[in-house]
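**Q** Here you go, one structure.
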Amino acid sequence: MESPDAAASGALGDVVERSEVEPVNKKEWRSLYQKREKIHPKRAEGTFRRIKWIVMAVTLAIYYLAPWLRWDRGPDAPDQAILIDMPARKFYFFFIEIWPQEFYYVTGLLILAALSLFLITSVAGRVWCGYTCPQTVWTDLFIAVERMIEGDRNARIKLDRAPFSMSKLRKRAEKHAIWLLIALCTGGAWVFYFADAPTLAGELLRFDAPAIAYITIGILTGTTYLLGGFAREQVCTYMCPWPRIQSAMIDEDSLIVTYHADRGEPRGAHKKGESWEGRGHCVDCNQCVAVCPMGIDIRDGMQLECISCALCIDACDGVMDKVGLPRGLIAYDTITNMERRAEGKKPIGHILRPRTILYASLIAVIGSVMLYLLATRSDLELNVLRDRNPLFVTLSDGSIRNGYTVKILNMAHETRTFGLTVEGLENPTYTVVGAEDVSALTVGPDSVGSFRIFVAVPQGTIHHGSKDVEFVITDKATGDEVENETSFKGPRR
Amino acid sequence: MARDRKTDTVTGVETTGHEWDGIRELDNPLPRWWLWVFYASILWAVVYWILMPAWPGITGYTKGLLGYSNRGAFAEKVEAARAAQSVYLDRIRDASVSEINSDPELLEFSLAGGRSAFAVNCSQCHGSGAQGGPGYPNLNDDNWLWGGDVDAIYQTIRFGVRSDHPDTRQNIMPAFLDDGILDRSQVNDVATYVQSLSGSEEPADAVERGGQVFAEQCVACHQEDAKGSHDLGAPNLTDAIWLYGGTRADIVNSITHGRSGVMPAWAPRLESETVKQLAVYVHSLGGGE
Ligand code: SF4
Ligand code: SF4
């Protein structure tokens, strides 16, 4: 189906390179039962390609380097800026520290991320897919490596068809070695988010890191290598649910990469000096098809496969420059504006719409609630669990005793001492297991202090079987107070 | 029906020959990836039969080359858990209960171990919360028949009360009426006296008569102040806690028929480190002395 482009080149008098290329994923021959046709994306140059290089550099740098950032939290807490501490069930993100019971922050973050995705998608289409999705970024990187070693599209097609030779073997070996190295680094970087990076790096090199670290690296190395080197566009087309969800997010006012058929058709080869009268601007050079990493022809209209990477825009803009026509035959545009243009009307703005305003205000509301919660987050929490079995105990002098398990969550990075009182009881007496006295409950930095506390009241002070009480702990040093309500049970009489 | 294969005009694909209300099924080839997964599954199954227990026979089953069995895996897990615990269990075996009680690490381990051992062995009588019931002491309170320090508790659990162990704790609350030691009116008087010890208003003459009987018959065990004795396992009769109930009828009942509850000796049944953990756990329930 594909032949080296050089064969067909030259038909246009060398102004525009011409590719004899059929889109691999064309609607007419799209079938589940077909063997995958390998796509050899041609190198593109232009504005969007430059943006993509920059985005790739930034996102990869963040991914590989973020675990190595340090953030001082005092002597008793980890100094890794981003750390998911599974054994201690804590999540550290710069100044934010999340304990398991505060997992709603993470939920909030996920909701924010989802809403931002909705907003961006409804404004600018599949930006996520085209620029920042890991699948896109790593595939792009893998293709760049491939191009570096095996050459651009034509050279690669030739190499694929060439019979076995030493130089083919060498090129293939080099390519796969570099791919595997990238994959290994990718898997390797992942585990550093879950442990102190420098320590784990040392352990990994000495081969005494925990087995799970090697297993994780192994799995991620394998998936990166497979998904970036081989599966590529099939991940987006067949495996990823996002393209399907996208269709619900995109409407006629979202930016999509689109071919202006009204301007381009009827297409046809064009010789230098020929008139443009009575024909479309598309010179049918197929450059847009050759660069497409998804193997589609954007001139067929909007397609599920298109990840909006805009490389075809770059390719076509280059062609338009050469033939001396204005850019933008393929461009980001909205369906509404295409229709308006066809009717000869002026294009209208697409950003301010009820939908985008709704998303933006939801983001603002949730964002500010979360900021407020984070800013007012207490580093102290008190949980009181009353014994249910037995409900209460009668002591030999007739007094009634209840048992409680008191958990003090000290989320500060220093040891703190608390005094405890129970309000709402007459003459309570306390005994405590785990500390000398209820006036001196000591809890280490960043940890949960658990104490068994027995509270007894004299005979006859509990009526009707139950009394509402309040446990109050007071930080001895700062005077900070935290309360927790519970009840005190006694005989029903 | 399967003979009735036709070629679908729209897709150009042959149909399977099945027809449901005019709807025919296309006989498309299977997707390649599906086919490969299918072959891989078959291969996997064959490998699995060879390696793992698989086929039932008349008297047994094919064991598989790996020799795996769920029962064996479970035994290994138990073994591993025991090995992990042995660090503590070895130290507990060599330590006295009071040493365990003052070592935070061993204490924590013993409280967890004691809790589960209590649930299995003790809760049937003493209740899951150790709250007891008529005839079965509440282990949460501050009242102890045979002493509430951790060593005394350990001794009681090891040898039991009126058990068949030679070192058992042993005493007798006689059946004063049944055995003819006291007559009915004396029993009533003593009961009145005992009630008065807890501050209840009783007729003075009955209290006095009862007091005399008490001094003759009961002080040997319950002591002159009626506060009982840990050495003899005699309950304190002046407090708010009644093992067999504190109403007049309960008290008369106890004096009339006697009381002789039994607690088995656990030393012959459980490992020494389990008994120690139990002692430490019971001591921690709130009334330990
Ligand atoms: S059609 Fe264009 S924008 Fe879409 S995937 Fe292909 S090159 Fe990218
Ligand atoms: S749309 Fe542009 S790049 Fe594609 S064939 Fe036409 S002129 Fe060439």
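How things are named: the first chain in the structure tokens is A, the next is B, and so on; residues count from 1 in each chain; ligands count from 1 in the order shown.
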Go through chain A residue by residue and, counting only C-alpha atoms, keep those with an atom at most 7 Å from chain B; for each kept residue give the shortest atom pair and its distance in Å to one decimal, ordered by chain and increasing number, as CSV.
**A**
```
residue,atom,partner,partner_atom,distance
A:Leu32,CA,B:Pro31,CA,6.1
A:Tyr33,CA,B:Pro31,CA,4.5
A:Asn389,CA,B:Gly129,CA,4.7
A:Pro390,CA,B:Gly129,CA,5.3
A:Val393,CA,B:Asp141,CA,6.1
A:Thr394,CA,B:Asp141,CA,6.6
A:Leu395,CA,B:Asp141,CA,5.4
A:Ser396,CA,B:Ala240,CA,4.9
A:Asp397,CA,B:Asp239,CA,5.8
A:Gly398,CA,B:Ala240,CA,5.1
```
**Q** Could you save those same residues with all heavy atoms as a PDB file, in the first residue's frame?
**A**
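Written output follows (result_16.pdb):
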```pdb
ATOM      1  N   LEU A  32     -11.690  -4.752  12.115  1.00  0.00           N
ATOM      2  CA  LEU A  32     -11.132  -5.328  13.334  1.00  0.00           C
ATOM      3  C   LEU A  32     -10.209  -6.498  13.030  1.00  0.00           C
ATOM      4  O   LEU A  32      -9.380  -6.872  13.830  1.00  0.00           O
ATOM      5  CB  LEU A  32     -12.276  -5.853  14.213  1.00  0.00           C
ATOM      6  CG  LEU A  32     -12.865  -4.901  15.222  1.00  0.00           C
ATOM      7  CD1 LEU A  32     -13.904  -5.638  16.025  1.00  0.00           C
ATOM      8  CD2 LEU A  32     -11.792  -4.362  16.158  1.00  0.00           C
ATOM      9  N   TYR A  33     -10.422  -7.090  11.857  1.00  0.00           N
ATOM     10  CA  TYR A  33      -9.765  -8.368  11.601  1.00  0.00           C
ATOM     11  C   TYR A  33      -8.482  -8.228  10.834  1.00  0.00           C
ATOM     12  O   TYR A  33      -7.891  -9.177  10.394  1.00  0.00           O
ATOM     13  CB  TYR A  33     -10.726  -9.298  10.847  1.00  0.00           C
ATOM     14  CG  TYR A  33     -12.079  -9.277  11.481  1.00  0.00           C
ATOM     15  CD1 TYR A  33     -13.166  -8.729  10.840  1.00  0.00           C
ATOM     16  CD2 TYR A  33     -12.228  -9.768  12.785  1.00  0.00           C
ATOM     17  CE1 TYR A  33     -14.394  -8.690  11.458  1.00  0.00           C
ATOM     18  CE2 TYR A  33     -13.452  -9.718  13.393  1.00  0.00           C
ATOM     19  CZ  TYR A  33     -14.531  -9.183  12.732  1.00  0.00           C
ATOM     20  OH  TYR A  33     -15.733  -9.146  13.335  1.00  0.00           O
ATOM     21  N   ASN A 389     -18.126  -3.224  74.970  1.00  0.00           N
ATOM     22  CA  ASN A 389     -18.264  -4.530  75.581  1.00  0.00           C
ATOM     23  C   ASN A 389     -17.191  -4.694  76.645  1.00  0.00           C
ATOM     24  O   ASN A 389     -16.068  -4.988  76.306  1.00  0.00           O
ATOM     25  CB  ASN A 389     -18.115  -5.612  74.488  1.00  0.00           C
ATOM     26  CG  ASN A 389     -18.439  -6.975  75.026  1.00  0.00           C
ATOM     27  OD1 ASN A 389     -18.945  -7.116  76.116  1.00  0.00           O
ATOM     28  ND2 ASN A 389     -18.098  -7.990  74.252  1.00  0.00           N
ATOM     29  N   PRO A 390     -17.474  -4.528  77.902  1.00  0.00           N
ATOM     30  CA  PRO A 390     -18.749  -4.161  78.483  1.00  0.00           C
ATOM     31  C   PRO A 390     -19.040  -2.672  78.338  1.00  0.00           C
ATOM     32  O   PRO A 390     -18.127  -1.885  78.205  1.00  0.00           O
ATOM     33  CB  PRO A 390     -18.566  -4.512  79.957  1.00  0.00           C
ATOM     34  CG  PRO A 390     -17.098  -4.366  80.190  1.00  0.00           C
ATOM     35  CD  PRO A 390     -16.427  -4.747  78.918  1.00  0.00           C
ATOM     36  N   VAL A 393     -18.631  -0.651  83.806  1.00  0.00           N
ATOM     37  CA  VAL A 393     -18.236  -1.587  84.845  1.00  0.00           C
ATOM     38  C   VAL A 393     -18.557  -0.962  86.194  1.00  0.00           C
ATOM     39  O   VAL A 393     -18.270   0.209  86.416  1.00  0.00           O
ATOM     40  CB  VAL A 393     -16.725  -1.898  84.744  1.00  0.00           C
ATOM     41  CG1 VAL A 393     -16.266  -2.736  85.924  1.00  0.00           C
ATOM     42  CG2 VAL A 393     -16.413  -2.595  83.432  1.00  0.00           C
ATOM     43  N   THR A 394     -19.217  -1.756  87.066  1.00  0.00           N
ATOM     44  CA  THR A 394     -19.462  -1.285  88.420  1.00  0.00           C
ATOM     45  C   THR A 394     -18.264  -1.655  89.286  1.00  0.00           C
ATOM     46  O   THR A 394     -17.847  -2.810  89.308  1.00  0.00           O
ATOM     47  CB  THR A 394     -20.713  -1.953  88.998  1.00  0.00           C
ATOM     48  OG1 THR A 394     -21.770  -1.811  88.060  1.00  0.00           O
ATOM     49  CG2 THR A 394     -21.095  -1.341  90.331  1.00  0.00           C
ATOM     50  N   LEU A 395     -17.707  -0.677  89.966  1.00  0.00           N
ATOM     51  CA  LEU A 395     -16.548  -0.959  90.810  1.00  0.00           C
ATOM     52  C   LEU A 395     -17.017  -1.279  92.224  1.00  0.00           C
ATOM     53  O   LEU A 395     -18.186  -1.096  92.581  1.00  0.00           O
ATOM     54  CB  LEU A 395     -15.601   0.237  90.808  1.00  0.00           C
ATOM     55  CG  LEU A 395     -15.017   0.545  89.429  1.00  0.00           C
ATOM     56  CD1 LEU A 395     -14.031   1.695  89.524  1.00  0.00           C
ATOM     57  CD2 LEU A 395     -14.338  -0.674  88.831  1.00  0.00           C
ATOM     58  N   SER A 396     -16.092  -1.756  93.064  1.00  0.00           N
ATOM     59  CA  SER A 396     -16.504  -2.267  94.368  1.00  0.00           C
ATOM     60  C   SER A 396     -17.107  -1.182  95.252  1.00  0.00           C
ATOM     61  O   SER A 396     -17.955  -1.462  96.087  1.00  0.00           O
ATOM     62  CB  SER A 396     -15.320  -2.940  95.059  1.00  0.00           C
ATOM     63  OG  SER A 396     -14.193  -2.108  95.019  1.00  0.00           O
ATOM     64  N   ASP A 397     -16.721   0.077  95.066  1.00  0.00           N
ATOM     65  CA  ASP A 397     -17.345   1.115  95.891  1.00  0.00           C
ATOM     66  C   ASP A 397     -18.631   1.632  95.236  1.00  0.00           C
ATOM     67  O   ASP A 397     -19.171   2.645  95.652  1.00  0.00           O
ATOM     68  CB  ASP A 397     -16.362   2.264  96.138  1.00  0.00           C
ATOM     69  CG  ASP A 397     -15.931   2.935  94.852  1.00  0.00           C
ATOM     70  OD1 ASP A 397     -16.352   2.462  93.766  1.00  0.00           O
ATOM     71  OD2 ASP A 397     -15.174   3.920  94.911  1.00  0.00           O
ATOM     72  N   GLY A 398     -19.093   0.947  94.198  1.00  0.00           N
ATOM     73  CA  GLY A 398     -20.348   1.329  93.570  1.00  0.00           C
ATOM     74  C   GLY A 398     -20.198   2.353  92.480  1.00  0.00           C
ATOM     75  O   GLY A 398     -21.150   2.684  91.778  1.00  0.00           O
TER      76      GLY A 398
END
```
**Q** What are the DSSP strand (DSSP E or B) residues of range 21-203 of chain B, as a ChimeraX atom specification?
**A** /B:23-26,56,61,133,136,161,169,173
**Q** Give the helix (DSSP H, G or I) residues of range 198-253 of chain B, as DSSP finds them on the backbone, and put them as a list in words.
**A**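 Those in range 198-253 of chain B that DSSP calls helix (DSSP H, G or I) are Ala204, Asp205, Ala206, Val207, Glu208, Arg209, Gly210, Gly211, Gln212, Val213, Phe214, Ala215, Glu216, Gln217, Val219, Ala220, Cys221, His222, Arg248, Ala249, Asp250, Ile251, Val252 and Asn253 of chain B.
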**Q** Export, as a PDB file, in the first residue's frame, the selected residues with N, CA and C atoms.
**A**
```pdb
ATOM      1  N   ALA B 204     -32.698  -4.119 113.623  1.00  0.00           N
ATOM      2  CA  ALA B 204     -31.489  -4.198 114.441  1.00  0.00           C
ATOM      3  C   ALA B 204     -31.335  -5.554 115.115  1.00  0.00           C
ATOM      4  N   ASP B 205     -32.469  -6.153 115.597  1.00  0.00           N
ATOM      5  CA  ASP B 205     -32.308  -7.419 116.325  1.00  0.00           C
ATOM      6  C   ASP B 205     -31.862  -8.537 115.410  1.00  0.00           C
ATOM      7  N   ALA B 206     -32.407  -8.563 114.176  1.00  0.00           N
ATOM      8  CA  ALA B 206     -31.997  -9.600 113.226  1.00  0.00           C
ATOM      9  C   ALA B 206     -30.537  -9.417 112.859  1.00  0.00           C
ATOM     10  N   VAL B 207     -30.128  -8.165 112.700  1.00  0.00           N
ATOM     11  CA  VAL B 207     -28.729  -7.883 112.360  1.00  0.00           C
ATOM     12  C   VAL B 207     -27.822  -8.391 113.463  1.00  0.00           C
ATOM     13  N   GLU B 208     -28.265  -8.155 114.714  1.00  0.00           N
ATOM     14  CA  GLU B 208     -27.403  -8.574 115.821  1.00  0.00           C
ATOM     15  C   GLU B 208     -27.270 -10.087 115.878  1.00  0.00           C
ATOM     16  N   ARG B 209     -28.431 -10.779 115.731  1.00  0.00           N
ATOM     17  CA  ARG B 209     -28.389 -12.249 115.740  1.00  0.00           C
ATOM     18  C   ARG B 209     -27.529 -12.768 114.591  1.00  0.00           C
ATOM     19  N   GLY B 210     -27.731 -12.156 113.432  1.00  0.00           N
ATOM     20  CA  GLY B 210     -26.956 -12.576 112.257  1.00  0.00           C
ATOM     21  C   GLY B 210     -25.469 -12.348 112.470  1.00  0.00           C
ATOM     22  N   GLY B 211     -25.147 -11.227 113.108  1.00  0.00           N
ATOM     23  CA  GLY B 211     -23.749 -10.900 113.364  1.00  0.00           C
ATOM     24  C   GLY B 211     -23.075 -11.967 114.196  1.00  0.00           C
ATOM     25  N   GLN B 212     -23.864 -12.481 115.170  1.00  0.00           N
ATOM     26  CA  GLN B 212     -23.279 -13.518 116.024  1.00  0.00           C
ATOM     27  C   GLN B 212     -22.994 -14.785 115.216  1.00  0.00           C
ATOM     28  N   VAL B 213     -23.975 -15.175 114.418  1.00  0.00           N
ATOM     29  CA  VAL B 213     -23.767 -16.370 113.592  1.00  0.00           C
ATOM     30  C   VAL B 213     -22.578 -16.155 112.676  1.00  0.00           C
ATOM     31  N   PHE B 214     -22.505 -14.959 112.074  1.00  0.00           N
ATOM     32  CA  PHE B 214     -21.404 -14.626 111.150  1.00  0.00           C
ATOM     33  C   PHE B 214     -20.067 -14.803 111.855  1.00  0.00           C
ATOM     34  N   ALA B 215     -19.982 -14.268 113.093  1.00  0.00           N
ATOM     35  CA  ALA B 215     -18.737 -14.338 113.841  1.00  0.00           C
ATOM     36  C   ALA B 215     -18.336 -15.783 114.101  1.00  0.00           C
ATOM     37  N   GLU B 216     -19.325 -16.634 114.273  1.00  0.00           N
ATOM     38  CA  GLU B 216     -18.986 -18.038 114.538  1.00  0.00           C
ATOM     39  C   GLU B 216     -18.628 -18.796 113.262  1.00  0.00           C
ATOM     40  N   GLN B 217     -19.424 -18.579 112.216  1.00  0.00           N
ATOM     41  CA  GLN B 217     -19.338 -19.463 111.051  1.00  0.00           C
ATOM     42  C   GLN B 217     -18.523 -18.893 109.892  1.00  0.00           C
ATOM     43  N   VAL B 219     -16.368 -15.776 109.653  1.00  0.00           N
ATOM     44  CA  VAL B 219     -15.186 -14.915 109.687  1.00  0.00           C
ATOM     45  C   VAL B 219     -13.907 -15.652 109.301  1.00  0.00           C
ATOM     46  N   ALA B 220     -13.892 -16.968 109.476  1.00  0.00           N
ATOM     47  CA  ALA B 220     -12.690 -17.726 109.139  1.00  0.00           C
ATOM     48  C   ALA B 220     -12.261 -17.438 107.711  1.00  0.00           C
ATOM     49  N   CYS B 221     -13.251 -17.368 106.845  1.00  0.00           N
ATOM     50  CA  CYS B 221     -12.904 -17.055 105.446  1.00  0.00           C
ATOM     51  C   CYS B 221     -13.127 -15.583 105.124  1.00  0.00           C
ATOM     52  N   HIS B 222     -14.332 -15.096 105.432  1.00  0.00           N
ATOM     53  CA  HIS B 222     -14.687 -13.734 104.998  1.00  0.00           C
ATOM     54  C   HIS B 222     -14.063 -12.655 105.872  1.00  0.00           C
ATOM     55  N   ARG B 248     -31.690 -10.168  98.333  1.00  0.00           N
ATOM     56  CA  ARG B 248     -31.809 -11.002  99.533  1.00  0.00           C
ATOM     57  C   ARG B 248     -31.948 -12.477  99.137  1.00  0.00           C
ATOM     58  N   ALA B 249     -32.775 -12.722  98.110  1.00  0.00           N
ATOM     59  CA  ALA B 249     -32.985 -14.103  97.672  1.00  0.00           C
ATOM     60  C   ALA B 249     -31.667 -14.729  97.236  1.00  0.00           C
ATOM     61  N   ASP B 250     -30.850 -13.969  96.506  1.00  0.00           N
ATOM     62  CA  ASP B 250     -29.554 -14.492  96.046  1.00  0.00           C
ATOM     63  C   ASP B 250     -28.678 -14.852  97.230  1.00  0.00           C
ATOM     64  N   ILE B 251     -28.655 -13.941  98.221  1.00  0.00           N
ATOM     65  CA  ILE B 251     -27.766 -14.167  99.363  1.00  0.00           C
ATOM     66  C   ILE B 251     -28.229 -15.389 100.151  1.00  0.00           C
ATOM     67  N   VAL B 252     -29.543 -15.468 100.383  1.00  0.00           N
ATOM     68  CA  VAL B 252     -30.077 -16.635 101.109  1.00  0.00           C
ATOM     69  C   VAL B 252     -29.744 -17.920 100.356  1.00  0.00           C
ATOM     70  N   ASN B 253     -29.883 -17.865  99.068  1.00  0.00           N
ATOM     71  CA  ASN B 253     -29.569 -19.004  98.208  1.00  0.00           C
ATOM     72  C   ASN B 253     -28.120 -19.464  98.380  1.00  0.00           C
TER      73      ASN B 253
END
```
**Q** Could you produce a table of the residues of chain A lying within 10 Å of ligand 1, with the nearest pair of atoms per residue and their separation in Å rounded to one decimal, using only C-alpha atoms and all ligand atoms, ordered by chain and increasing residue number, as CSV?
**A**
```
residue,atom,partner,partner_atom_place_in_ligand_line,distance
A:Pro23,CA,ligand 1,6 (Fe),9.7
A:Pro41,CA,ligand 1,7 (S),8.9
A:Ala44,CA,ligand 1,7 (S),9.2
A:Arg126,CA,ligand 1,3 (S),9.4
A:Cys129,CA,ligand 1,5 (S),9.3
A:Gly130,CA,ligand 1,8 (Fe),7.2
A:Glu233,CA,ligand 1,5 (S),9.2
A:Ile256,CA,ligand 1,3 (S),8.3
A:Val257,CA,ligand 1,3 (S),5.5
A:Thr258,CA,ligand 1,3 (S),8.0
A:Tyr259,CA,ligand 1,1 (S),9.2
A:Gln287,CA,ligand 1,7 (S),9.7
A:Cys288,CA,ligand 1,7 (S),6.5
A:Val289,CA,ligand 1,6 (Fe),7.1
A:Ala290,CA,ligand 1,7 (S),8.4
A:Val291,CA,ligand 1,7 (S),6.0
A:Cys292,CA,ligand 1,7 (S),3.6
A:Pro293,CA,ligand 1,6 (Fe),5.8
A:Met294,CA,ligand 1,5 (S),5.1
A:Gly295,CA,ligand 1,6 (Fe),6.5
A:Ile296,CA,ligand 1,1 (S),5.7
A:Asp297,CA,ligand 1,1 (S),6.0
A:Ile298,CA,ligand 1,1 (S),4.4
A:Arg299,CA,ligand 1,1 (S),8.2
A:Asp300,CA,ligand 1,1 (S),9.3
A:Gly301,CA,ligand 1,1 (S),8.9
A:Met302,CA,ligand 1,1 (S),8.2
A:Gln303,CA,ligand 1,4 (Fe),8.0
A:Leu304,CA,ligand 1,4 (Fe),9.1
A:Glu305,CA,ligand 1,5 (S),6.7
A:Cys306,CA,ligand 1,4 (Fe),3.7
A:Ile307,CA,ligand 1,5 (S),4.5
A:Ser308,CA,ligand 1,3 (S),3.7
A:Cys309,CA,ligand 1,8 (Fe),3.9
A:Ala310,CA,ligand 1,3 (S),3.9
A:Leu311,CA,ligand 1,7 (S),4.4
A:Cys312,CA,ligand 1,7 (S),4.2
A:Ile313,CA,ligand 1,2 (Fe),6.7
A:Asp314,CA,ligand 1,7 (S),8.8
A:Ala315,CA,ligand 1,7 (S),8.6
A:Cys316,CA,ligand 1,2 (Fe),9.9
A:Ile330,CA,ligand 1,2 (Fe),8.5
A:Ala331,CA,ligand 1,3 (S),9.1
A:Tyr332,CA,ligand 1,3 (S),9.0
```
**Q** Name all residues at most 8 Å from Tyr88 in chain B (count only C-alpha atoms; drop same-chain ones fewer than 4 positions away) and give them as a short mmCIF file (atom, residue, chain, number, x, y, z; two decimals) with N, CA and C atoms, in the first residue's frame.
**A**
```
data_model
loop_
_atom_site.label_atom_id
_atom_site.label_comp_id
_atom_site.auth_asym_id
_atom_site.auth_seq_id
_atom_site.Cartn_x
_atom_site.Cartn_y
_atom_site.Cartn_z
N ILE B 92 8.91 -14.16 75.83
CA ILE B 92 7.82 -14.30 76.79
C ILE B 92 7.98 -15.59 77.59
N LEU B 106 6.90 -6.20 74.86
CA LEU B 106 6.28 -7.49 75.16
C LEU B 106 4.83 -7.28 75.58
N PHE B 109 2.65 -6.84 72.51
CA PHE B 109 2.47 -8.12 71.83
C PHE B 109 1.53 -9.02 72.63
#
```
**Q** For CA of Val161 in chain B and CA of Val262 in chain B, determine how far apart the two atoms are, in Å to one decimal place.
**A**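 Between these atoms lies a distance of 5.5 Å.
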